[in-house]
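Engineer: I have a structure I would like to understand better, so I am pasting it below and will then ask my questions one at a time.
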Amino acid sequence: MKQAFTISVNGKQHTVSVAPDTPMLYVLRNNLQLKAAKFGCGLAQCGACMVLLNNSAVPSCQLRINAVGNNKITTLEALAGSDGALHAVQQAFVDEQAAQCGYCTNGMIIAAVSLLKKQPKPSREAVQQAMNVNICRCGTHDRVLNAVLKAANSLP
Amino acid sequence: MKTTQTRRQFIQTGGLLTIGFTLGGALSWQNANAETPINAELPSDKQINAWLQILEDGRVKVLTGKMELGQGILTAVKQVAAEELNCDMSRVTVHMADTDVTPNEGYTAGSQSIERSAMAIRAAAASARELLTEMAASQLNTAADQIVLENGVLTGAGKRIEVKDLLKGKQLTEAVRQPKKILGKSVRKIVGKPLERDDIEAIVRGAPHFVHDLDFPGILHARVVRPPSYAARIERIDQHNINKLAGLVKLVRRAHFVAVLAEDEYRAIQLAKEVGEFITWTAPAQLPQQAQLQSYLKSLPAETSVEKQSNGWKNELKTSGELYHEANYFKPYLMHGANGPSCGVALYKNGELWVWSHTQGVYPLRKSLAGLLHLNEDKIHVKGVQGPGCYGHNGADDAGAEAAIIAMEHPGQHIRLQWMRQEEHSWEPFSTAMIMELKASLDNNKRINAWQYELWSDVHGTRPGGNPDNLLASQYLTNGEPKPMTGFKGGAIRNAEPYYELAQQKIVSHIFTGPLRRSSLRGLGAYANIFAIESFMDEMAEKAKLDPIQFRICHSTDPRSIACLEQITRLTADIKPGKNQGIGYAFSRYKNSAAYCAVAALVTSDPKLEKLTVEQMWAVVDAGETINPDGLKNQIEGGMMQSISWALYEEVGFDQVHITSSDWRTYPMIRFPQAPRITVHVIDRVEEDPLGAGEASQGPATAALINAIYAASGQRIRSLPVFGKQKKA
């Protein structure tokens with residue numbers, strides 16, 4: 001049943017042996033010990049499990065390993081620079097204290113990074129729409145929106 | 001499994017430990033609770049070292065029995081301790097809820113973490129400062145008032161000694177005293193400042209942080225095979241075909257409780273479904289028709305109590321004419337709906353049980369587990385690890401208990417159980433539906449002269465609290481009739497009494513046992529009671545033809561209430577609602593004894609509420625002495641967002657068999673496109689005691705929203721949610 005797959009995660013090639021229909025979420029968390037992506041719903045309704053597939057934010061609960069191919073996966077763990085410096089979006093989340101429990105923060109940052117790659121200076125409304133899939137049960141929405149706009153301003 | 005550390009090693013490392021990850025190198029885990037425990041006798045909570053310990057390098061470890069739930073309590077207690085010990089925040093670490101380490105502080109609930117835990121830590125830290133100063137004075141041959149403690153060093157009369165050299169590895173076992181001076185009240189170098197939470201950086205880096213992220217070599221993944229309804233029983237199980245399923249490490253079956261174990265998590269998820277296909281359940285259709293829920297709830301047998309009746313109550317209500325008004329309100333069943341489904345990790349080895357859980361109460365869970373599993377409490381170690389925001393009693397205890405049941409059936413290996421989304425949505429204990437009926441009359445001076453309030457509610461608190469029958473699994477572990485999950489009614493009448501001066505009033509409660517599993521959700525009954533009272537106050541103000549804020553001020557005697565109401569007026573003074581816009585206000589003092597909160601909402605809506613936008617919201621909060629104003633604001637903002645999500649969209653759906661709200665499509669909530677801008681103003685009163693604020697804003701936020709919707713559209717919503725399945729106005 002299990003099959004070997006070689007995939008690119010955070011700039012490195014990894015070979016794992018799993019069932020071909022295994023969602024990347026479990027591969028990342030359990031095979032690669034990358035715990036940033038979280039299980040929230042398994043239905044692509046909440047955003048907690050998001051990763052970057054090339055430059056797009058996708059729910060890793062819906063991304064099966066046999067569909068990854070040569071596409072590059074980046075997780076939250078790899079956003080900081082090699083010197084440990086936080087990505088502008090991460091830094092803005094810290095500056096704005098834009099979290100309470102933090103369970104969904106992974107998906108919010110990934111969604112924001114993806115948005116800013118495509119649209120570097122979005123309006124508040126554009127950020128709101130781009131993050132429609134991301135749930136925040138703690139109600140930190142206003143802070144998160146402020147953080148993403150602040151990050152956009154800090155980027156060239 | 002990591003080898004058990006000695007207490008000495010533990011104190012040296014101060015709680016910053018690594019746990020063994022099999023791949024990708026060992027990751028730093030900033031939570032000592034992830035480790036295996038140290039068995040030692042805990043000091044009494046009267047002793048200083050129950051609350052703080054001096055590490056061998058002179059830094060300080062604070063012990064709190066409360067859980068970090070995203071409310072920032074770990075930062076707040078660190079601020080309080082650092083202030084009293086006159087040291088930098090970096091010299092303090094915090095160890096949270098852990099039955100092997102911390103004091104027993106019951107549940108992290110009711111907005112009491114600051115009022116209780118932080119104040120206990122403040123007293124212990126101030127006592128430690130005084131005691132250390134006295135010890136140094138005697139060592140250095142000088143007067144205690146000449147000694148200054150700063151960053152772990154005591155100086156005076158030209159001499160110095162470090163705290164660690166003074167204590168020589170000993171802890172301060174003396175009793176916590178009544179400190180002569182509280183630096184947090186006078187100096188306030190650290191307390192009262194909006195310091196950042198240091199856990200947010202770990203979160204944004206994606207470091208392991210939650211109980212869900214715990215991993216151990218050889219860990220097995222479990223999933224529970226849920227029945228189709230609360231009262232379902234196994235009729236037949238096809239063991240023969242189940243045995244043939246690939247990847248099934250073990251099928252755990254105890255009476256009607258069934259779970260699967262697998263090495264691979266995804267396989268465990270599939271196995272739970274596959275095993276479910278081989279089980280036939282009896283599932284009686286026991287639930288009422290949701291469309292008739294309100295009349296059904298009122299028809300149930302109820303325990304009726306007169307909660308309050310003024311001495312001169314003569315039922316002066318005039319039941320007609322313009323000075324009389326009555327209105328009925330409804331709040332549906334709501335869910336906590338944590339975005340991370342509940343999770344528990346457990347290990348049973350050599351007759352001892354370890355449970356890592358995001359429970360709100362490690363000690364009560366331990367006691368409940370002892371009853372459920374027939375183990376002595378001293379053989380059970382419950383370690384609190386962060387979870388997703390829970391907002392009350394959700395599935396956390398249940399998942400911890402289920403992991404423990406499974407671990408005992410499969411000793412020697414760590415077991416990780418995470419619920420699926422459908423389980424979290426349809427098996428957690430909900431916040432009960434409530435009905436509120438109000439009647440009141442005005443005198444000729446436009447003052448309320450009689451007020452009658454009747455409420456119908458189930459209990460709000462069925463936390464296990466030592467009672468294993470309230471754990472979900474206990475319903476299925478017996479072949480006989482399961483015992484009912486019982487609770488206390490106090491939550492239902494929370495804030496049923498208005499925090500206003502009313503000439504005559506009568507308050508009556510009817511407590512029923514409703515059809516759905518229920519327990520504590522943020523604010524308990526206060527949410528629905530404030531929604532009703534503060535909607536009704538607006539309606540009465542309109543009867544009186546008075547400004548709604550003025551009407552409230554006329555009925556207030558507490559200057560702190562009036563200050564909040566006046567401040568919310570100032571904050572919104574420049575807002576001039578445009579076409580189809582309205583502004584609404586509301587106020588409450590949580591529990592009539594905790595934080596004061598006034599809220600305003602600006603809404604745009606057409607008369608049919610087809611296009612409704614919450615543009616902006618404001619709050620004024622007075623939580624007495626503020627420990628961390630940004631933490632306080634974050635709690636108030638979050639409470640407002642959660643509240644308007646409940647009010648606009650949320651309602652647990654069910655058919656006659658079971659809950660039909662099984663995901664975010666069938667139970668929608670507010671999302672980013674609907675998020676208003678929020679401004680929170682803090683009134684800091686250093687001279688007052690700090691008051692819990694985690695539950696202060698939900699009631700007034702919904703009432704302000706509903707009042708704003710009325711102002712914008714002319715539609716008075718009395719039955720929540722606004723966008724409910726059945727439009728009821």
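Here, A, B, ... name the chains of the structure tokens in the order displayed, residue numbers run from 1 inside each chain, and ligands are numbered from 1 in the same displayed order.
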Identify all chain B residues at most 7 Å from chain A by counting only C-alpha atoms; ligands do not count. Present them as a CSV table (one decimal) with C-alpha atoms, in the first residue's frame.

Structural biologist:
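Final output, part.csv:
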chain,number,residue,atom,x,y,z
B,23,LEU,CA,13.3,13.5,12.4
B,24,GLY,CA,14.4,17.0,11.8
B,69,LEU,CA,-6.0,29.8,26.7
B,70,GLY,CA,-4.8,32.6,24.5
B,71,GLN,CA,-5.9,35.1,27.1
B,196,GLU,CA,4.1,41.7,24.3
B,200,ILE,CA,3.4,34.9,20.0
B,201,GLU,CA,6.8,34.8,18.4
B,203,ILE,CA,3.5,30.7,17.3
B,204,VAL,CA,4.4,32.8,14.2
B,205,ARG,CA,7.5,30.7,13.7
B,206,GLY,CA,5.4,27.6,13.6
B,207,ALA,CA,7.2,26.0,16.6
B,208,PRO,CA,5.4,23.1,18.3
B,213,ASP,CA,1.9,19.0,18.3
B,265,GLU,CA,-2.7,9.0,11.5
B,266,TYR,CA,-4.4,9.1,8.1
B,338,ALA,CA,-12.7,25.5,18.8
B,339,ASN,CA,-10.9,25.6,15.5
B,340,GLY,CA,-8.6,22.9,16.6
B,341,PRO,CA,-10.7,19.8,17.4
B,388,PRO,CA,-6.9,26.1,20.5
B,389,GLY,CA,-9.1,28.8,22.2
B,420,MET,CA,-12.4,15.1,13.8
B,421,ARG,CA,-14.3,18.3,12.9
B,637,GLU,CA,-12.0,42.8,21.1
B,638,GLY,CA,-12.1,39.0,20.8
B,639,GLY,CA,-15.1,38.9,23.0
B,641,MET,CA,-16.1,39.5,17.6
B,642,GLN,CA,-17.2,36.2,19.0
B,664,TRP,CA,-18.3,25.3,9.2
B,671,ARG,CA,-15.2,35.6,8.7
B,672,PHE,CA,-12.7,38.3,7.7
B,673,PRO,CA,-14.9,40.0,5.1
B,675,ALA,CA,-15.0,41.9,10.4
B,677,ARG,CA,-12.9,47.8,12.8
B,678,ILE,CA,-12.7,47.8,16.6

Engineer: Would you please extract all strand (DSSP E or B) residues from chain A, as assigned by DSSP on the backbone, and give them as a list in words?

Structural biologist: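 After running DSSP on the backbone, chain A has strand (DSSP E or B) at Gln3, Ala4, Phe5, Thr6, Ile7, Ser8, Val9, Lys12, Gln13, His14, Thr15, Val16, Ser17, Val18, Pro23, Met50, Val51, Leu52, Leu53, Ser56, Ala57, Val58, Pro59, Arg64, Lys72, Ile73 and Thr74 of chain A.
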
Engineer: Please, could you write that set of residues out with C-alpha atoms as an mmCIF file, in the first residue's frame?

Structural biologist:
data_model
loop_
_atom_site.group_PDB
_atom_site.id
_atom_site.type_symbol
_atom_site.label_atom_id
_atom_site.label_comp_id
_atom_site.auth_asym_id
_atom_site.auth_seq_id
_atom_site.Cartn_x
_atom_site.Cartn_y
_atom_site.Cartn_z
ATOM 1 C CA GLN A 3 4.759 4.003 -1.781
ATOM 2 C CA ALA A 4 7.896 6.125 -1.803
ATOM 3 C CA PHE A 5 7.489 9.760 -2.837
ATOM 4 C CA THR A 6 10.162 12.390 -3.205
ATOM 5 C CA ILE A 7 8.851 15.876 -2.591
ATOM 6 C CA SER A 8 10.311 19.360 -2.220
ATOM 7 C CA VAL A 9 9.544 20.897 1.145
ATOM 8 C CA LYS A 12 14.903 20.350 0.456
ATOM 9 C CA GLN A 13 14.066 17.054 -1.192
ATOM 10 C CA HIS A 14 12.453 14.543 1.164
ATOM 11 C CA THR A 15 11.603 10.936 0.453
ATOM 12 C CA VAL A 16 8.762 9.479 2.461
ATOM 13 C CA SER A 17 6.898 6.196 2.294
ATOM 14 C CA VAL A 18 3.160 6.667 2.699
ATOM 15 C CA PRO A 23 -2.974 14.368 2.546
ATOM 16 C CA MET A 50 -2.464 26.034 4.807
ATOM 17 C CA VAL A 51 0.934 25.799 3.142
ATOM 18 C CA LEU A 52 2.423 27.512 0.118
ATOM 19 C CA LEU A 53 2.319 25.385 -3.017
ATOM 20 C CA SER A 56 -0.202 29.939 -3.619
ATOM 21 C CA ALA A 57 -1.791 29.280 -0.245
ATOM 22 C CA VAL A 58 -3.532 25.904 -0.326
ATOM 23 C CA PRO A 59 -5.126 23.744 2.368
ATOM 24 C CA ARG A 64 -2.665 14.530 -1.571
ATOM 25 C CA LYS A 72 7.494 23.242 -4.201
ATOM 26 C CA ILE A 73 5.919 23.256 -0.764
ATOM 27 C CA THR A 74 6.837 25.906 1.774
#

Engineer: At what distance in Å, to one decimal, does atom CA of Val258 of chain B lie from atom CA of Thr280 of chain B?

Structural biologist: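 Computed distance, atom CA of Thr280 of chain B to atom CA of Val258 of chain B, equals 12.4 Å.
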
Engineer: I'd like the contact shell of Pro607 of chain B - 12 Å cut-off, only C-alpha atoms, skipping same-chain residues fewer than 6 positions apart - returned as a count of residues only.

Structural biologist: 12
